[in-house]
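This is protein23.cif (mmCIF, C-alpha atoms).
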```cif
data_target
#
loop_
_atom_site.label_atom_id
_atom_site.label_comp_id
_atom_site.auth_asym_id
_atom_site.auth_seq_id
_atom_site.Cartn_x
_atom_site.Cartn_y
_atom_site.Cartn_z
CA MET A 190 -70.91 52.76 -4.48
CA ARG A 191 -67.44 51.65 -3.49
CA VAL A 192 -64.70 50.16 -5.63
CA ARG A 193 -63.40 46.92 -4.16
CA VAL A 194 -60.42 44.71 -4.90
CA ASP A 195 -59.95 41.22 -3.42
CA LEU A 196 -56.81 39.24 -4.19
CA ASN A 197 -54.93 36.19 -3.01
CA ILE A 198 -51.20 36.82 -2.73
CA SER A 199 -48.21 34.98 -1.35
CA LEU A 200 -46.05 36.22 1.52
CA ASP A 201 -43.61 37.53 -1.06
CA GLY A 202 -46.38 39.52 -2.71
CA PHE A 203 -47.05 37.53 -5.87
CA ALA A 204 -50.65 37.59 -7.06
CA THR A 205 -50.03 35.18 -9.92
CA THR A 206 -48.20 31.91 -10.25
CA THR A 207 -45.97 30.45 -12.90
CA GLY A 208 -45.35 26.86 -13.91
CA GLY A 209 -48.75 25.86 -15.26
CA THR A 210 -48.96 22.89 -17.63
CA PRO A 211 -51.49 22.04 -20.36
CA GLU A 212 -53.08 19.48 -17.99
CA ASN A 213 -53.12 21.88 -15.07
CA PRO A 214 -53.13 25.37 -16.61
CA MET A 215 -53.01 27.27 -13.33
CA GLY A 216 -50.28 25.04 -11.91
CA GLU A 217 -49.74 23.45 -8.54
CA ASP A 218 -48.67 26.76 -7.04
CA TRP A 219 -52.04 28.25 -7.90
CA LEU A 220 -53.77 25.63 -5.81
CA ARG A 221 -51.49 26.48 -2.90
CA LEU A 222 -52.08 30.21 -3.36
CA VAL A 223 -55.89 29.95 -3.33
CA GLY A 224 -56.15 26.72 -1.33
CA ALA A 225 -57.53 28.22 1.88
CA TYR A 226 -60.14 30.19 -0.09
CA ALA A 227 -61.13 27.18 -2.20
CA ALA A 228 -61.54 25.11 0.98
CA THR A 229 -64.20 27.41 2.45
CA ARG A 230 -67.83 26.37 2.65
CA THR A 231 -68.80 29.53 0.77
CA PHE A 232 -66.47 28.89 -2.17
CA ARG A 233 -67.60 25.27 -2.40
CA ALA A 234 -71.24 26.30 -2.45
CA ARG A 235 -70.99 29.43 -4.59
CA VAL A 236 -68.36 28.41 -7.13
CA LEU A 237 -68.45 24.61 -7.15
CA GLY A 238 -72.17 24.21 -6.46
CA ASP A 239 -71.49 21.90 -3.50
CA THR A 240 -74.53 22.31 -1.26
CA SER A 241 -73.53 19.60 1.22
CA GLY A 242 -72.29 22.20 3.70
CA ALA A 243 -68.73 20.86 3.51
CA GLY A 244 -65.84 23.29 3.84
CA THR A 245 -64.13 25.46 6.41
CA THR A 246 -66.21 27.96 8.36
CA ASP A 247 -63.70 30.20 10.15
CA VAL A 248 -62.24 33.58 9.26
CA ASP A 249 -61.38 32.44 5.73
CA ASP A 250 -65.04 31.66 5.16
CA GLU A 251 -66.20 35.02 6.52
CA TYR A 252 -64.06 36.76 3.90
CA ALA A 253 -65.21 34.38 1.19
CA ALA A 254 -68.83 35.19 2.05
CA ALA A 255 -68.13 38.94 2.10
CA TYR A 256 -66.52 38.57 -1.32
CA PHE A 257 -69.86 37.70 -2.86
CA GLU A 258 -71.93 40.32 -1.06
CA GLY A 259 -72.98 43.69 -2.39
CA VAL A 260 -71.24 43.64 -5.78
CA GLY A 261 -73.28 45.14 -8.62
CA ALA A 262 -70.74 45.02 -11.45
CA GLU A 263 -67.28 43.63 -12.07
CA ILE A 264 -64.26 44.77 -14.08
CA MET A 265 -61.57 42.31 -15.14
CA GLY A 266 -58.62 42.03 -17.44
CA ALA A 267 -58.73 39.95 -20.61
CA GLY A 268 -56.59 37.28 -18.96
CA MET A 269 -59.05 36.73 -16.17
CA PHE A 270 -61.79 36.06 -18.72
CA GLY A 271 -59.42 33.67 -20.50
CA LEU A 272 -59.38 35.61 -23.76
CA HIS A 273 -55.74 34.68 -24.41
CA LEU A 274 -56.62 30.99 -24.62
CA HIS A 275 -58.58 31.39 -27.88
CA PRO A 276 -57.62 34.76 -29.33
CA GLY A 277 -59.93 35.95 -32.10
CA ASP A 278 -62.37 33.04 -31.67
CA PRO A 279 -65.87 34.58 -31.44
CA ASP A 280 -67.32 31.30 -30.11
CA TRP A 281 -65.05 31.16 -27.04
CA ARG A 282 -67.16 31.92 -23.99
CA GLY A 283 -64.36 32.13 -21.42
CA TRP A 284 -63.28 29.62 -18.82
CA TRP A 285 -65.87 30.36 -16.17
CA GLY A 286 -68.39 27.76 -17.40
CA PRO A 287 -71.98 28.32 -18.55
CA ASN A 288 -73.04 29.83 -15.20
CA PRO A 289 -70.16 32.07 -14.04
CA PRO A 290 -70.02 32.97 -10.34
CA PHE A 291 -70.46 36.72 -10.91
CA HIS A 292 -74.22 37.05 -11.59
CA VAL A 293 -73.72 40.72 -12.54
CA PRO A 294 -72.49 42.65 -15.59
CA VAL A 295 -68.77 42.05 -16.11
CA PHE A 296 -66.62 44.49 -18.10
CA VAL A 297 -63.65 42.75 -19.70
CA LEU A 298 -60.85 45.13 -20.66
CA THR A 299 -59.56 44.26 -24.12
CA HIS A 300 -58.68 45.83 -27.43
CA GLU A 301 -60.39 42.91 -29.17
CA SER A 302 -63.83 43.89 -30.41
CA ARG A 303 -66.44 41.29 -29.44
CA PRO A 304 -70.21 41.32 -28.94
CA SER A 305 -71.46 41.07 -25.36
CA LEU A 306 -71.98 37.56 -24.05
CA GLU A 307 -75.03 36.77 -21.94
CA MET A 308 -74.48 33.76 -19.71
CA GLU A 309 -76.74 31.87 -17.30
CA GLY A 310 -77.37 33.26 -13.84
CA GLY A 311 -77.24 36.97 -14.63
CA THR A 312 -73.63 37.30 -15.77
CA THR A 313 -73.16 39.30 -18.98
CA PHE A 314 -69.63 39.87 -20.27
CA HIS A 315 -69.08 43.20 -22.04
CA PHE A 316 -65.79 43.57 -23.92
CA ILE A 317 -64.56 47.14 -23.85
CA SER A 318 -61.46 49.07 -24.79
CA ALA A 319 -61.34 51.75 -22.13
CA THR A 320 -59.17 53.53 -19.57
CA PRO A 321 -59.59 52.44 -15.95
CA GLN A 322 -61.69 55.55 -15.31
CA GLU A 323 -63.93 54.95 -18.34
CA ALA A 324 -64.48 51.30 -17.45
CA LEU A 325 -65.29 52.31 -13.89
CA ALA A 326 -67.89 54.84 -15.06
CA ARG A 327 -69.62 52.16 -17.13
CA ALA A 328 -69.51 49.61 -14.33
CA ALA A 329 -70.72 52.15 -11.77
CA ALA A 330 -73.72 52.96 -13.94
CA GLU A 331 -74.66 49.26 -13.86
CA ALA A 332 -73.91 48.77 -10.17
CA GLY A 333 -76.26 51.48 -8.90
CA ASP A 334 -75.98 51.53 -5.11
CA LEU A 335 -73.94 48.33 -5.06
CA ASP A 336 -70.16 48.07 -5.28
CA VAL A 337 -67.94 47.68 -8.30
CA ARG A 338 -65.33 44.97 -7.93
CA VAL A 339 -62.07 45.12 -9.83
CA GLY A 340 -61.61 41.38 -10.00
CA GLY A 341 -58.11 41.20 -11.42
CA GLY A 342 -55.70 40.11 -12.62
CA ALA A 343 -52.96 41.66 -10.60
CA THR A 344 -51.90 44.11 -13.29
CA VAL A 345 -55.40 45.51 -13.68
CA ALA A 346 -55.85 45.70 -9.90
CA ARG A 347 -52.57 47.61 -9.61
CA GLU A 348 -53.65 50.09 -12.26
CA TYR A 349 -56.76 50.90 -10.24
CA LEU A 350 -54.80 51.09 -6.99
CA ARG A 351 -52.18 53.35 -8.53
CA ALA A 352 -54.88 55.63 -9.94
CA GLY A 353 -56.36 56.02 -6.43
CA LEU A 354 -59.68 54.57 -7.56
CA VAL A 355 -60.00 51.77 -4.99
CA ASP A 356 -62.01 52.26 -1.78
CA GLN A 357 -61.37 48.84 -0.27
CA LEU A 358 -58.52 46.44 -0.89
CA HIS A 359 -58.61 43.02 0.75
CA VAL A 360 -55.62 40.72 0.33
CA ALA A 361 -55.58 37.18 1.62
CA ILE A 362 -51.90 36.45 2.20
CA ALA A 363 -51.13 32.75 1.93
CA PRO A 364 -48.15 31.61 4.04
CA ILE A 365 -46.10 30.49 1.06
CA ILE A 366 -43.12 31.89 -0.83
CA LEU A 367 -43.63 31.71 -4.59
CA GLY A 368 -40.49 33.45 -5.81
CA SER A 369 -41.90 34.52 -9.19
CA GLY A 370 -45.02 35.90 -10.85
CA ILE A 371 -46.55 39.38 -10.85
CA ARG A 372 -45.91 41.39 -7.70
CA LEU A 373 -49.02 43.15 -6.46
CA TRP A 374 -47.18 45.81 -4.48
CA ASP A 375 -44.75 47.11 -7.12
CA ASP A 376 -44.97 50.87 -7.60
CA LEU A 377 -47.41 51.22 -4.71
CA ARG A 378 -45.10 52.71 -2.09
CA GLY A 379 -47.12 54.54 0.56
CA LEU A 380 -50.42 53.04 -0.59
CA GLU A 381 -51.50 52.75 3.05
CA ARG A 382 -51.73 56.52 3.45
CA GLY A 383 -55.36 57.54 3.30
CA TYR A 384 -56.56 54.09 4.29
CA ARG A 385 -57.35 52.43 7.58
CA VAL A 386 -55.68 49.02 7.63
CA THR A 387 -56.94 46.06 9.65
CA THR A 388 -55.66 42.50 9.82
CA GLN A 389 -57.27 39.20 10.79
CA ALA A 390 -55.61 35.80 10.93
CA ALA A 391 -57.15 32.47 9.96
CA ALA A 392 -56.35 28.97 11.19
CA SER A 393 -55.03 28.20 7.69
CA GLY A 394 -52.19 30.64 8.36
CA THR A 395 -53.73 33.15 5.97
CA ALA A 396 -53.45 36.82 6.97
CA HIS A 397 -56.41 38.87 5.76
CA VAL A 398 -55.32 42.49 5.40
CA THR A 399 -57.92 45.11 4.49
CA PHE A 400 -57.30 48.69 3.39
CA SER A 401 -60.49 50.76 3.76
CA ARG A 402 -61.27 54.39 3.09
CA MET B 121 -31.05 24.58 21.11
CA ARG B 122 -33.06 26.13 18.30
CA VAL B 123 -31.99 28.77 15.81
CA ARG B 124 -34.47 31.66 15.74
CA VAL B 125 -34.95 34.62 13.45
CA ASP B 126 -37.28 37.54 14.24
CA LEU B 127 -37.73 40.34 11.74
CA ASN B 128 -40.00 43.27 11.02
CA ILE B 129 -40.95 43.49 7.37
CA SER B 130 -43.36 45.51 5.26
CA LEU B 131 -46.27 44.04 3.30
CA ASP B 132 -44.07 44.16 0.22
CA GLY B 133 -41.41 42.13 2.02
CA PHE B 134 -38.76 44.73 2.76
CA ALA B 135 -36.79 44.16 5.96
CA THR B 136 -34.81 47.38 5.63
CA THR B 137 -35.68 50.92 4.79
CA THR B 138 -34.02 53.59 2.72
CA GLY B 139 -34.06 57.35 3.03
CA GLY B 140 -32.25 57.87 6.33
CA THR B 141 -30.67 61.26 7.01
CA PRO B 142 -27.74 62.26 9.26
CA GLU B 143 -30.21 63.55 11.86
CA ASN B 144 -32.41 60.47 11.62
CA PRO B 145 -30.11 57.69 10.39
CA MET B 146 -32.78 54.99 10.23
CA GLY B 147 -35.26 57.27 8.50
CA GLU B 148 -38.94 57.92 8.96
CA ASP B 149 -39.82 54.67 7.20
CA TRP B 150 -37.89 52.74 9.83
CA LEU B 151 -40.11 54.15 12.55
CA ARG B 152 -43.17 53.08 10.59
CA LEU B 153 -41.72 49.61 10.01
CA VAL B 154 -40.96 48.92 13.67
CA GLY B 155 -43.54 51.29 15.18
CA ALA B 156 -45.92 48.64 16.52
CA TYR B 157 -43.01 46.77 18.13
CA ALA B 158 -41.50 49.94 19.60
CA ALA B 159 -44.90 50.83 21.07
CA THR B 160 -45.14 47.65 23.16
CA ARG B 161 -44.76 47.70 26.91
CA THR B 162 -42.01 45.08 26.64
CA PHE B 163 -39.92 47.09 24.17
CA ARG B 164 -40.31 50.23 26.25
CA ALA B 165 -39.17 48.44 29.38
CA ARG B 166 -36.44 46.23 27.92
CA VAL B 167 -34.91 48.52 25.32
CA LEU B 168 -35.78 52.03 26.49
CA GLY B 169 -35.69 51.33 30.23
CA ASP B 170 -39.17 52.78 30.71
CA THR B 171 -40.51 51.02 33.80
CA SER B 172 -43.71 53.07 34.03
CA GLY B 173 -45.74 50.24 32.50
CA ALA B 174 -46.67 52.36 29.50
CA GLY B 175 -47.06 50.69 26.12
CA THR B 176 -49.36 48.32 24.26
CA THR B 177 -50.14 44.93 25.80
CA ASP B 178 -51.88 42.95 23.06
CA VAL B 179 -50.56 40.41 20.56
CA ASP B 180 -47.68 42.70 19.53
CA ASP B 181 -46.50 42.72 23.14
CA GLU B 182 -46.72 38.93 23.47
CA TYR B 183 -44.33 38.59 20.54
CA ALA B 184 -42.08 41.31 21.91
CA ALA B 185 -41.86 39.45 25.23
CA ALA B 186 -41.18 36.13 23.49
CA TYR B 187 -38.41 37.85 21.55
CA PHE B 188 -36.41 38.31 24.73
CA GLU B 189 -37.01 34.86 26.19
CA GLY B 190 -34.71 31.88 26.01
CA VAL B 191 -31.94 33.33 23.85
CA GLY B 192 -28.42 32.29 24.92
CA ALA B 193 -26.37 33.80 22.11
CA GLU B 194 -26.88 36.09 19.14
CA ILE B 195 -25.40 36.33 15.65
CA MET B 196 -25.59 39.55 13.66
CA GLY B 197 -24.14 41.18 10.60
CA ALA B 198 -21.63 44.00 10.83
CA GLY B 199 -24.28 46.50 9.81
CA MET B 200 -26.52 45.63 12.74
CA PHE B 201 -23.65 46.36 15.13
CA GLY B 202 -23.06 49.62 13.29
CA LEU B 203 -19.52 48.77 12.22
CA HIS B 204 -19.94 50.69 8.93
CA LEU B 205 -20.42 53.97 10.81
CA HIS B 206 -16.81 54.08 12.03
CA PRO B 207 -14.85 51.59 9.92
CA GLY B 208 -11.44 50.75 11.32
CA ASP B 209 -11.98 52.73 14.54
CA PRO B 210 -11.06 50.41 17.45
CA ASP B 211 -12.75 52.74 19.97
CA TRP B 212 -16.18 52.50 18.33
CA ARG B 213 -18.42 50.42 20.58
CA GLY B 214 -21.43 50.14 18.28
CA TRP B 215 -24.71 51.98 18.36
CA TRP B 216 -26.46 49.92 21.02
CA GLY B 217 -25.34 52.09 23.93
CA PRO B 218 -23.31 51.06 27.00
CA ASN B 219 -25.88 48.44 28.08
CA PRO B 220 -27.10 46.70 24.90
CA PRO B 221 -30.42 44.85 25.09
CA PHE B 222 -28.91 41.42 24.33
CA HIS B 223 -27.32 40.42 27.68
CA VAL B 224 -25.67 37.41 26.00
CA PRO B 225 -22.60 36.80 23.81
CA VAL B 226 -23.11 38.38 20.38
CA PHE B 227 -21.13 37.21 17.34
CA VAL B 228 -20.71 39.98 14.79
CA LEU B 229 -19.86 38.71 11.30
CA THR B 230 -17.10 40.82 9.81
CA HIS B 231 -13.81 40.51 8.00
CA GLU B 232 -12.46 43.33 10.20
CA SER B 233 -10.29 41.97 12.97
CA ARG B 234 -11.23 43.47 16.34
CA PRO B 235 -10.84 42.41 19.97
CA SER B 236 -13.99 41.32 21.77
CA LEU B 237 -15.94 44.07 23.48
CA GLU B 238 -17.40 43.49 26.92
CA MET B 239 -20.36 45.76 27.62
CA GLU B 240 -22.58 46.29 30.65
CA GLY B 241 -25.36 43.84 31.39
CA GLY B 242 -23.79 40.66 30.08
CA THR B 243 -23.44 41.55 26.40
CA THR B 244 -20.05 40.72 24.88
CA PHE B 245 -19.49 41.40 21.18
CA HIS B 246 -17.16 38.94 19.43
CA PHE B 247 -16.04 39.93 15.92
CA ILE B 248 -15.54 36.89 13.75
CA SER B 249 -14.88 36.10 10.11
CA ALA B 250 -16.80 32.87 9.63
CA THR B 251 -19.28 30.99 7.46
CA PRO B 252 -22.86 30.86 8.73
CA GLN B 253 -22.26 27.30 9.92
CA GLU B 254 -19.04 28.19 11.74
CA ALA B 255 -20.62 31.18 13.45
CA LEU B 256 -23.57 29.04 14.48
CA ALA B 257 -21.28 26.42 16.01
CA ARG B 258 -19.56 29.09 18.10
CA ALA B 259 -22.84 30.67 19.17
CA ALA B 260 -24.38 27.29 19.98
CA ALA B 261 -21.46 26.46 22.25
CA GLU B 262 -22.19 29.65 24.21
CA ALA B 263 -25.96 29.22 24.21
CA GLY B 264 -25.99 25.79 25.82
CA ASP B 265 -29.62 24.69 26.15
CA LEU B 266 -30.88 28.11 25.16
CA ASP B 267 -31.59 29.32 21.62
CA VAL B 268 -29.34 31.10 19.17
CA ARG B 269 -30.92 34.11 17.54
CA VAL B 270 -29.82 35.29 14.13
CA GLY B 271 -30.66 38.91 14.75
CA GLY B 272 -30.15 40.30 11.27
CA GLY B 273 -29.80 42.21 9.12
CA ALA B 274 -31.97 40.86 6.40
CA THR B 275 -29.08 39.63 4.28
CA VAL B 276 -27.60 37.62 7.14
CA ALA B 277 -31.03 36.23 8.07
CA ARG B 278 -31.59 35.17 4.46
CA GLU B 279 -28.25 33.37 4.36
CA TYR B 280 -29.26 31.29 7.36
CA LEU B 281 -32.73 30.63 5.97
CA ARG B 282 -31.34 29.59 2.60
CA ALA B 283 -28.86 27.26 4.29
CA GLY B 284 -31.74 25.55 6.11
CA LEU B 285 -30.27 26.42 9.50
CA VAL B 286 -33.30 28.20 11.00
CA ASP B 287 -35.75 26.34 13.26
CA GLN B 288 -38.13 29.22 13.88
CA LEU B 289 -38.76 32.31 11.78
CA HIS B 290 -41.10 34.99 13.10
CA VAL B 291 -41.92 37.94 10.87
CA ALA B 292 -43.99 40.87 12.06
CA ILE B 293 -45.54 42.25 8.88
CA ALA B 294 -46.33 45.94 9.18
CA PRO B 295 -49.26 47.10 7.01
CA ILE B 296 -47.18 49.49 4.95
CA ILE B 297 -45.73 49.43 1.42
CA LEU B 298 -42.10 50.56 1.39
CA GLY B 299 -41.25 50.04 -2.28
CA SER B 300 -37.48 49.70 -1.76
CA GLY B 301 -34.89 48.15 0.52
CA ILE B 302 -33.72 44.56 0.97
CA ARG B 303 -36.36 41.95 0.27
CA LEU B 304 -36.41 39.21 2.89
CA TRP B 305 -38.08 36.60 0.67
CA ASP B 306 -35.81 36.76 -2.38
CA ASP B 307 -34.42 33.34 -3.35
CA LEU B 308 -36.52 31.62 -0.70
CA ARG B 309 -39.17 30.03 -2.92
CA GLY B 310 -40.77 27.06 -1.13
CA LEU B 311 -39.31 28.01 2.27
CA GLU B 312 -42.56 26.97 3.92
CA ARG B 313 -42.00 23.28 3.12
CA GLY B 314 -40.80 21.53 6.23
CA TYR B 315 -42.28 24.18 8.51
CA ARG B 316 -45.61 24.57 10.24
CA VAL B 317 -46.84 28.12 9.64
CA THR B 318 -49.16 29.98 12.00
CA THR B 319 -50.45 33.54 11.85
CA GLN B 320 -51.79 35.94 14.47
CA ALA B 321 -53.10 39.44 13.91
CA ALA B 322 -52.64 42.45 16.18
CA ALA B 323 -54.81 45.53 16.62
CA SER B 324 -51.98 47.57 15.05
CA GLY B 325 -52.67 45.79 11.76
CA THR B 326 -49.46 43.79 12.13
CA ALA B 327 -49.61 40.16 10.96
CA HIS B 328 -47.32 37.90 13.00
CA VAL B 329 -46.36 34.91 10.86
CA THR B 330 -44.29 32.13 12.42
CA PHE B 331 -42.54 29.27 10.63
CA SER B 332 -41.69 26.49 13.10
CA ARG B 333 -40.03 23.14 12.68
#
```
Can you present the structure in this file as structure tokens?
Amino acid sequence: MRVRVDLNISLDGFATTTGGTPENPMGEDWLRLVGAYAATRTFRARVLGDTSGAGTTDVDDEYAAAYFEGVGAEIMGAGMFGLHLHPGDPDWRGWWGPNPPFHVPVFVLTHESRPSLEMEGGTTFHFISATPQEALARAAAEAGDLDVRVGGGATVAREYLRAGLVDQLHVAIAPIILGSGIRLWDDLRGLERGYRVTTQAAASGTAHVTFSR
Amino acid sequence: MRVRVDLNISLDGFATTTGGTPENPMGEDWLRLVGAYAATRTFRARVLGDTSGAGTTDVDDEYAAAYFEGVGAEIMGAGMFGLHLHPGDPDWRGWWGPNPPFHVPVFVLTHESRPSLEMEGGTTFHFISATPQEALARAAAEAGDLDVRVGGGATVAREYLRAGLVDQLHVAIAPIILGSGIRLWDDLRGLERGYRVTTQAAASGTAHVTFSR
């Protein structure tokens, strides 16, 4: 069992964007941040259900495919589930649709007490109030031999990185300058020590940097 | 004539390091920031005078070689000349040694009035108090058909980038997290618009990202 983190960040290190609108909640910047990933054949097939074979197939797609392989449980912050959009509403089932792309148990970190939510396709959301270590123990028990992914958002990912709990960090660095948002790298000086770091470049201009133990 | 900027930065966007000591003025972090560049065959030959052929020869070396090609004049901040080390001392000839690796006219931006300094190997330092545009006009007149490089430091490079005066920006991103220093990308949101951006990866883990007009 390894603990994995995969994030899209900008050249200036922002893992989130600002400037969303009610019509486009993630904002135009979000589309630019994740554009190369969303253009891959794997993302189109796995997340959008597009089985036509359309999409890019180069290095970006290799990382997109790896993203979905070997994960047995996921941990995410409340924001990544979308809990903030309908606080306290027990009927809100998150913004991932009826068949979320996880297909494994997902532990959502929140102080809000909610019953677990079984979705189509093998995804079950469990809402837990726990330290990073406690959440990891629960996720690891579900994952068995497979990996636990800390899915995000950036603040949750940073907590795990800072606690030394992450075995593999992959960042896809989009060649854009966002100027605001949450900085992934804050308070992580010297993170590279104890990891092997490799880099691959994609035709999209994305730099894929991987820290592995 | 193009205006070029080449910089080494960390994953968290710092183009300078902190923590230097009197014995090691640039500090250990500096060696880690520029280590892949300093290990290239080109750097060893051109800057250290090592003609043994030792050094790396992959993508890092291709960028190191390109760094030295086609530059007809250079602009740098006072700090990059080392003016701050001996302020007001007319005998101080900078920290680049008797035969600096530029071999072209170099315009040093400073409010200190100093006579020009002719060094071995074709490098002449001119000390000028000028706006970025004025300094560029003077450097361009010297460069002729060749390029003008804005050599740094980070603050000077950012001024030129923010003023829209740079035709080609190459950053070599070292896979390290520094946590402090001067951030290259501050106040440069949206810089990528109007540029084509390409990325290449080196075995050292360095991501070479180039913005070209």
Practice item. Take atom CA of Tyr187 of chain B and atom CA of Gly199 of chain B and report the distance between them in Å, one decimal. Key: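 Atom CA of Tyr187 of chain B sits 20.3 Å away from atom CA of Gly199 of chain B.
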Study note, to complete from the structure: In a least-squares superposition of chain B on chain A that uses all C-alpha atoms paired in order, the RMSD is 0.0 Å
Residues near Asp307 of chain B, cut-off 10 Å, only C-alpha atoms, skip fewer than 2 positions along chain, as an mmCIF file with C-alpha atoms, keeping the file's coordinate frame:
```cif
data_model
loop_
_atom_site.group_PDB
_atom_site.id
_atom_site.type_symbol
_atom_site.label_atom_id
_atom_site.label_comp_id
_atom_site.auth_asym_id
_atom_site.auth_seq_id
_atom_site.Cartn_x
_atom_site.Cartn_y
_atom_site.Cartn_z
ATOM 1 C CA ILE A 366 -43.120 31.890 -0.830
ATOM 2 C CA LEU A 367 -43.630 31.710 -4.590
ATOM 3 C CA GLY A 368 -40.490 33.450 -5.810
ATOM 4 C CA SER A 369 -41.900 34.520 -9.190
ATOM 5 C CA ARG B 278 -31.590 35.170 4.460
ATOM 6 C CA GLU B 279 -28.250 33.370 4.360
ATOM 7 C CA LEU B 281 -32.730 30.630 5.970
ATOM 8 C CA ARG B 282 -31.340 29.590 2.600
ATOM 9 C CA ARG B 303 -36.360 41.950 0.270
ATOM 10 C CA LEU B 304 -36.410 39.210 2.890
ATOM 11 C CA TRP B 305 -38.080 36.600 0.670
ATOM 12 C CA ARG B 309 -39.170 30.030 -2.920
ATOM 13 C CA GLY B 310 -40.770 27.060 -1.130
ATOM 14 C CA LEU B 311 -39.310 28.010 2.270
#
```
Review point. Pick the closest to chain B from A:Ala254, A:Leu200, A:Leu354, A:Met190: which is it, counting only C-alpha atoms?
Key: A:Leu200
Practice item. Could you list, as a PyMOL selection string, the residues of chain B having an atom within 10 Å of chain A when counting all atoms listed in the file? Key: chain B and resi 131-134+149+293-300+303-313+316-331
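When the PyMOL selection byres ((chain B and resi 204-208) around 12) is run on the displayed coordinates, the residues it returns are Pro142, Pro145, Gly197, Ala198, Gly199, Met200, Phe201, Gly202, Leu203, Asp209, Pro210, Asp211, Trp212, Arg213, Gly214, Trp215, Thr230, His231, Glu232, Ser233 and Arg234 of chain B.
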Using C-alpha atoms, can you export the residues from the last selection as an mmCIF file, keeping the file's coordinate frame?
```
data_model
loop_
_atom_site.group_PDB
_atom_site.id
_atom_site.type_symbol
_atom_site.label_atom_id
_atom_site.label_comp_id
_atom_site.auth_asym_id
_atom_site.auth_seq_id
_atom_site.Cartn_x
_atom_site.Cartn_y
_atom_site.Cartn_z
ATOM 1 C CA PRO B 142 -27.740 62.260 9.260
ATOM 2 C CA PRO B 145 -30.110 57.690 10.390
ATOM 3 C CA GLY B 197 -24.140 41.180 10.600
ATOM 4 C CA ALA B 198 -21.630 44.000 10.830
ATOM 5 C CA GLY B 199 -24.280 46.500 9.810
ATOM 6 C CA MET B 200 -26.520 45.630 12.740
ATOM 7 C CA PHE B 201 -23.650 46.360 15.130
ATOM 8 C CA GLY B 202 -23.060 49.620 13.290
ATOM 9 C CA LEU B 203 -19.520 48.770 12.220
ATOM 10 C CA ASP B 209 -11.980 52.730 14.540
ATOM 11 C CA PRO B 210 -11.060 50.410 17.450
ATOM 12 C CA ASP B 211 -12.750 52.740 19.970
ATOM 13 C CA TRP B 212 -16.180 52.500 18.330
ATOM 14 C CA ARG B 213 -18.420 50.420 20.580
ATOM 15 C CA GLY B 214 -21.430 50.140 18.280
ATOM 16 C CA TRP B 215 -24.710 51.980 18.360
ATOM 17 C CA THR B 230 -17.100 40.820 9.810
ATOM 18 C CA HIS B 231 -13.810 40.510 8.000
ATOM 19 C CA GLU B 232 -12.460 43.330 10.200
ATOM 20 C CA SER B 233 -10.290 41.970 12.970
ATOM 21 C CA ARG B 234 -11.230 43.470 16.340
#
```
Exercise for review: Between atom CA of Met265 of chain A and atom CA of Leu220 of chain A, measure the distance and give it in Å to one decimal.
Suggested key: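 Going from atom CA of Met265 of chain A over to atom CA of Leu220 of chain A covers 20.6 Å.
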Review point. Using all atoms listed in the file, which of A:Gly353, A:Arg193, A:Phe296, A:Asn288 sits nearest Glu323 of chain A?
Key: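 Nearest candidate to Glu323 of chain A out of A:Gly353, A:Arg193, A:Phe296, A:Asn288: A:Phe296.
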Point to revise | Counting all atoms listed in the file, the residue of B:Val226, B:Pro252, B:Gly241, B:Asp126 that sits nearest Arg166 of chain B | key: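 Counting all atoms listed in the file, the residue closest to Arg166 of chain B is B:Gly241.
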**Study point:** Atomic distance atom CA of Gln322 of chain A - atom CA of Thr205 of chain A, expressed in Å with one decimal
**Key:**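 Atom-to-atom, atom CA of Gln322 of chain A and atom CA of Thr205 of chain A are spaced 24.1 Å apart.
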Exercise for review: Report as a list in words the full result of the PyMOL selection byres ((chain B and resi 333) around 7) when it is applied to this structure.
Suggested key: Asp287, Gln288, Gly314, Tyr315, Arg316, Phe331 and Ser332 of chain B
Point to revise | Residues near Leu168 of chain B, cut-off 10 Å, only C-alpha atoms, skip fewer than 4 positions along chain, as a PyMOL selection string | key: chain B and resi 158+161-164+221
Given 5 Å of margin on each side, can you work out the centre and size in Å (one decimal) of an axis-aligned box holding every listed atom of segment 125-131 of chain B, as AutoDock Vina command-line options?
```
--center_x -40.6 --center_y 40.1 --center_z 8.8 --size_x 21.3 --size_y 20.9 --size_z 20.9
```
What lies within 12 Å of Ala261 of chain B using only C-alpha atoms, ignoring chain neighbours under 5 positions off, as a PDB file with C-alpha atoms, keeping the file's coordinate frame?
```
ATOM      1  CA  MET B 121     -31.050  24.580  21.110  1.00  0.00           C
ATOM      2  CA  GLY B 192     -28.420  32.290  24.920  1.00  0.00           C
ATOM      3  CA  ALA B 193     -26.370  33.800  22.110  1.00  0.00           C
ATOM      4  CA  GLU B 194     -26.880  36.090  19.140  1.00  0.00           C
ATOM      5  CA  PRO B 225     -22.600  36.800  23.810  1.00  0.00           C
ATOM      6  CA  PHE B 227     -21.130  37.210  17.340  1.00  0.00           C
ATOM      7  CA  GLU B 254     -19.040  28.190  11.740  1.00  0.00           C
ATOM      8  CA  ALA B 255     -20.620  31.180  13.450  1.00  0.00           C
ATOM      9  CA  LEU B 256     -23.570  29.040  14.480  1.00  0.00           C
ATOM     10  CA  LEU B 266     -30.880  28.110  25.160  1.00  0.00           C
ATOM     11  CA  ASP B 267     -31.590  29.320  21.620  1.00  0.00           C
ATOM     12  CA  VAL B 268     -29.340  31.100  19.170  1.00  0.00           C
TER      13      VAL B 268
END
```
Practice item. Between A:Trp219, A:Val236, A:Val260, A:Ser241, single out the one closest to Asp334 of chain A, counting all atoms listed in the file. Key: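 The answer is A:Val260, which sits nearest to Asp334 of chain A.
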